[in-house]
Amino acid sequence: MNAVTNYNYGTAILAAFEYLLEKYPEVFVIGQGLWSPWYVGNSMTGLDKKFGVDRVIDTPVSELGCTGLGIGASLAGMKPIVVHPRIDFMLYAMDAVVNQAAKWSHMFGGQAHPGVTIRAIINRGGEQGAQHSQALHAWFAHIPGLRVVMPATVADARDLLIASVLCEDPVMFMDDRWLYDLTDDLPQIREMELSVEQPKRLVEGDDLTIVSAGFSTRLALDASAELRARGVYAEVVDLRVLNPLKFETIVESVRKTGRLMVVDGGWRTCGIAGEVIAGVVECVPLAEWRNKPVRVTLPDAPAPTSRVLEKAYYPSVKTVLAAARQVLA
Amino acid sequence: MPYPSNIQNLGSLADPSNHCEPIDILGEDPATLKAQLRMMLTIRLVEQHLAQMRKGGLIGGPVHLGVGQEAVAVGVSQCLRTSDRVFGAHRSHSHVLALGASIRGLFAEALGRDTGLSRGMGGSMHLWDGPRGFYGSVPIVAGTVPLAVGAALAAKLTGTDDIGVSYLGDGAIEEGAVHESLNLARTLKAPVLFVVENNFFSSHMHIHLRQPSNSTARFAVAHDICYEIVDGNDVVAVRKAADRLVNQSRTGGGPGFIEAVTYRWYGHVDWREDVDVGVNRSIEDLVNWRRRDPIHRLATALRRVGVWSQEDESGLIRELEDQISRAWGEAMNDPWPPEDALLGRVYAPRRVVRE
């Protein structure tokens, strides 16, 4: 059977939840707003009705408590998914994520693994401002012991969520509300082993390598289409899994193109863009570079509210193309 | 505006000149009491040994000792089974030993050896003994409290009558994580027992400098959780309170909360007594609290009813000291973790994909 189903990014996530809750009795979901239709877009609609409020649990306002609870439940054999409808609010949970989940396996000699999945949603724009807009994937990717996943495609939204939940390690799964309307036809679900998943080439090209993750990959794809119309062939590599970060595909691509641009929706300083560039520079011989690498990131400032400033703040296809001209020069 | 005056306080339990008499063992099984005495003595001698070895420089990292507090873990553990899920904190030697953990495993862990409870990756502050139901202890204050609620909720979701246990202290109760955990446990009816070892000190600070009352059970009241305040140096009182609350949790009654009033003879960390280093920790208090010794009070009670003698006690101490010195000798010769443990234990081994 090669049956395909049409999803958007949001309903693909919903399909992953349904698959997991149906097939694995040890899966449960906990977080704020799960019984509300407007907290998580179309990505969890009706789960509480279909699977019951004991397995799809809406909670008190306790990000730390709920995250720690998920970790503890995972140590007792469950596969919990803790949902934070907006990443900014989960900063209260950093002890649970960084001190507990990420360290647990190592500090107890590899004898216990907290297989919790923490779904944190990036939700920007709309004049929401500094505390409703952050994309902190680079922070989490800095922490050994956490796997950090950022799906950019409809297929990954579904299949990487399933792989994250089935993984025995703690996973930060970060999806982006700006992607929810993206559509695609997908084949049946195939369970994947998260630890072997790695960056993927989405578009082939010889002139320039563009590396990105999450929503930034949409910018990279749109920019590569425009470049193609002008006869420039950019290869787009989608990171998918930011930690542990595997460099092989990226390095291979840059050795072919000799040019590297990284597009990221996080801040510049100590960000994932800088990390990718550093890792590639270490592996690609000097003689193979046709130009210096460039990065397109957020400026090092909190998100503004005013729409005029917002427009200047977030990278766009236009800013990506301007940076591409720089590296292609 | 005056402060409300109806705040709960510990009363005579906080005064070490009280409750020094032999404990009440009426109706208790002598064999069980002797086993509890043995366990309390084991914990004490193990910890005193750790204190000496730390002082002598053989242990490299910090050790947080709970000498004087042995009755709490021993009383609570009497009501537990290996399928329960126990979480500890920085001062958890007693919690893991009372569940039956190996002395050599604890020593080897304190020494950073591959045979340690945490395979030499944790030291004294990160202990694990999964097969005995000890899910882990960590030194971040209150770090494991929400985890215990989650492990308890897992028991409820899978339809078993196992429970979670969260050991915490009077310092941890000041953390926001604890309030979230109490509220979540009560709201979700998670079968978890919170055991507060109230020894009046968080590091160097006395509770009267940190809280408006010396009783932490008021937080159980605030979250509508059943609680018991007990003399934490009375193993029978602790066991009885734990029995009531554990049974309630096992039968769908949700969380319980024990405040066990006790005192640590050593300071916050390592072998020193911290007299006058801490705020309000006087030599008089220490001397008085030593009179409320949980081991002495049980041993005296047993002697009074004629089932225990001074000779029994000396013999037991000799036997345990032998056992401890043997375990230490073995641990000292145990291998170090292999170098590939550095990167090899960060993530779980690769999963086999299920079809």
# chains A, B, ... in the order shown; residues from 1 in each chain; ligands from 1
>>> select_by_dssp(residues="range 188-300 of chain B", states="strand (DSSP E or B)", output="short mmCIF file (atom, residue, chain, number, x, y, z; two decimals) with C-alpha atoms, in the first residue's frame")
data_model
loop_
_atom_site.label_atom_id
_atom_site.label_comp_id
_atom_site.auth_asym_id
_atom_site.auth_seq_id
_atom_site.Cartn_x
_atom_site.Cartn_y
_atom_site.Cartn_z
CA VAL B 192 3.03 9.94 46.77
CA LEU B 193 4.33 10.29 50.31
CA PHE B 194 6.25 13.49 51.06
CA VAL B 195 8.62 12.93 53.95
CA VAL B 196 10.00 16.15 55.37
CA GLU B 197 12.97 15.60 57.63
CA ASN B 198 12.78 18.79 59.61
CA PHE B 201 18.75 23.80 59.55
CA SER B 202 19.14 24.57 55.89
CA MET B 205 20.49 28.89 58.68
CA HIS B 206 18.04 28.04 61.45
CA CYS B 226 -3.34 14.48 54.90
CA TYR B 227 -0.38 14.88 57.19
CA GLU B 228 1.23 13.60 60.37
CA ILE B 229 3.73 15.44 62.53
CA VAL B 230 5.94 12.96 64.36
CA ASP B 231 8.94 12.72 66.61
CA GLY B 256 0.33 12.07 52.20
CA PHE B 257 2.79 14.21 54.10
CA ILE B 258 4.96 13.40 57.11
CA GLU B 259 6.85 16.01 59.03
CA ALA B 260 9.48 14.13 61.04
CA VAL B 261 11.18 16.35 63.58
#
>>> closest_atom_pairs(of="range 21-83 of chain A", to="range 128-144 of chain B", cutoff="9 Å", atoms="only C-alpha atoms", output="Markdown table")
| residue | atom | partner | partner_atom | distance |
| --- | --- | --- | --- | --- |
| A:Gly68 | CA | B:Thr144 | CA | 7.5 |
| A:Gly72 | CA | B:Thr144 | CA | 8.1 |
| A:Leu75 | CA | B:Tyr135 | CA | 7.6 |
| A:Ala76 | CA | B:Tyr135 | CA | 8.6 |
>>> residues_around(residues="Thr42 in chain B", least_positions_apart="3", cutoff="9 Å", atoms="only C-alpha atoms", output="list in words")
Leu37, Arg38, Met39, Leu45, Val46, Glu47, Leu97, Ile103, Ile317, Leu320, Glu321 and Ile324 of chain B
>>> write_last_selection(atoms="N, CA and C atoms", output="PDB file, in the first residue's frame")
ATOM      1  N   LEU B  37      16.653  -1.579  64.815  1.00  0.00           N
ATOM      2  CA  LEU B  37      17.813  -1.118  65.584  1.00  0.00           C
ATOM      3  C   LEU B  37      19.098  -1.418  64.806  1.00  0.00           C
ATOM      4  N   ARG B  38      19.148  -2.616  64.267  1.00  0.00           N
ATOM      5  CA  ARG B  38      20.320  -3.021  63.498  1.00  0.00           C
ATOM      6  C   ARG B  38      20.518  -2.096  62.296  1.00  0.00           C
ATOM      7  N   MET B  39      19.431  -1.805  61.597  1.00  0.00           N
ATOM      8  CA  MET B  39      19.540  -0.930  60.419  1.00  0.00           C
ATOM      9  C   MET B  39      19.971   0.479  60.820  1.00  0.00           C
ATOM     10  N   LEU B  45      26.929   3.832  61.797  1.00  0.00           N
ATOM     11  CA  LEU B  45      28.348   3.458  61.736  1.00  0.00           C
ATOM     12  C   LEU B  45      28.913   3.693  60.339  1.00  0.00           C
ATOM     13  N   VAL B  46      28.109   3.437  59.326  1.00  0.00           N
ATOM     14  CA  VAL B  46      28.550   3.716  57.954  1.00  0.00           C
ATOM     15  C   VAL B  46      28.832   5.213  57.789  1.00  0.00           C
ATOM     16  N   GLU B  47      27.929   6.028  58.301  1.00  0.00           N
ATOM     17  CA  GLU B  47      28.114   7.475  58.134  1.00  0.00           C
ATOM     18  C   GLU B  47      29.289   7.987  58.969  1.00  0.00           C
ATOM     19  N   LEU B  97      20.293   3.191  52.198  1.00  0.00           N
ATOM     20  CA  LEU B  97      20.693   2.048  53.034  1.00  0.00           C
ATOM     21  C   LEU B  97      19.480   1.393  53.686  1.00  0.00           C
ATOM     22  N   ILE B 103      26.445  -1.795  51.400  1.00  0.00           N
ATOM     23  CA  ILE B 103      27.377  -0.851  52.034  1.00  0.00           C
ATOM     24  C   ILE B 103      28.592  -0.646  51.139  1.00  0.00           C
ATOM     25  N   ILE B 317      27.544  -4.115  67.468  1.00  0.00           N
ATOM     26  CA  ILE B 317      28.436  -3.056  66.988  1.00  0.00           C
ATOM     27  C   ILE B 317      29.725  -3.662  66.431  1.00  0.00           C
ATOM     28  N   LEU B 320      28.986  -5.185  63.044  1.00  0.00           N
ATOM     29  CA  LEU B 320      28.785  -4.185  61.990  1.00  0.00           C
ATOM     30  C   LEU B 320      30.093  -3.487  61.638  1.00  0.00           C
ATOM     31  N   GLU B 321      30.913  -3.233  62.655  1.00  0.00           N
ATOM     32  CA  GLU B 321      32.193  -2.577  62.385  1.00  0.00           C
ATOM     33  C   GLU B 321      33.079  -3.450  61.499  1.00  0.00           C
ATOM     34  N   ILE B 324      31.694  -3.259  58.013  1.00  0.00           N
ATOM     35  CA  ILE B 324      31.996  -1.971  57.404  1.00  0.00           C
ATOM     36  C   ILE B 324      33.469  -1.898  56.997  1.00  0.00           C
TER      37      ILE B 324
END
>>> select_by_dssp(residues="range 240-282 of chain A", states="alpha helix (DSSP H)", output="PyMOL selection string")
chain A and resi 248-257+272-282
>>> closest_atom_pairs(of="chain A", to="chain B", cutoff="6 Å", atoms="only C-alpha atoms", output="CSV")
residue,atom,partner,partner_atom,distance
A:Ser62,CA,B:Glu180,CA,5.8
A:Gly65,CA,B:Glu180,CA,5.2
A:Gly68,CA,B:Pro146,CA,4.8
A:Leu69,CA,B:Gly150,CA,3.7
A:Gly70,CA,B:Gly150,CA,5.8
A:Ile71,CA,B:Leu147,CA,5.9
A:Gly72,CA,B:Leu147,CA,3.8
A:Ala73,CA,B:Ala151,CA,4.2
A:Ala76,CA,B:Ala151,CA,5.4
A:Ser105,CA,B:Val346,CA,6.0
A:His106,CA,B:Arg345,CA,4.9
A:Met107,CA,B:Gly122,CA,4.9
A:Phe108,CA,B:Ser118,CA,4.3
A:Gly109,CA,B:Arg119,CA,4.9
A:Gly110,CA,B:Arg345,CA,4.8
A:Gly145,CA,B:Val346,CA,5.3
>>> write_last_selection(atoms="C-alpha atoms", output="mmCIF file, in the first residue's frame")
data_model
loop_
_atom_site.group_PDB
_atom_site.id
_atom_site.type_symbol
_atom_site.label_atom_id
_atom_site.label_comp_id
_atom_site.auth_asym_id
_atom_site.auth_seq_id
_atom_site.Cartn_x
_atom_site.Cartn_y
_atom_site.Cartn_z
ATOM 1 C CA SER A 62 3.130 24.705 37.060
ATOM 2 C CA GLY A 65 6.157 20.736 38.431
ATOM 3 C CA GLY A 68 9.588 17.198 36.634
ATOM 4 C CA LEU A 69 6.503 15.015 36.810
ATOM 5 C CA GLY A 70 7.090 13.904 33.224
ATOM 6 C CA ILE A 71 10.690 13.030 34.031
ATOM 7 C CA GLY A 72 9.692 11.022 37.088
ATOM 8 C CA ALA A 73 6.982 9.177 35.170
ATOM 9 C CA ALA A 76 8.886 4.599 36.055
ATOM 10 C CA SER A 105 21.739 8.841 32.664
ATOM 11 C CA HIS A 106 25.308 10.023 33.122
ATOM 12 C CA MET A 107 25.270 10.751 36.843
ATOM 13 C CA PHE A 108 23.735 7.374 37.641
ATOM 14 C CA GLY A 109 26.160 5.444 35.486
ATOM 15 C CA GLY A 110 23.860 4.806 32.520
ATOM 16 C CA GLY A 145 22.250 14.607 27.453
#
>>> residues_around(residues="Trp267 in chain A", least_positions_apart="2", cutoff="8 Å", atoms="only C-alpha atoms", output="list in words")
Asp264, Gly265, Thr269, Cys270, Gly271, Thr297, Leu298, Pro299, Asp300 and Ala301 of chain A
>>> closest_residue(among="B:Cys20, B:Leu50, B:Ala31, B:Leu286", to="Trp271 in chain B", atoms="only C-alpha atoms")
B:Leu50
>>> residues_around(residues="range 81-85 of chain A", least_positions_apart="6", cutoff="8 Å", atoms="only C-alpha atoms", output="VMD selection string")
chain A and resid 27 to 33 39 to 40 63 66 to 67 70 116 to 121 165
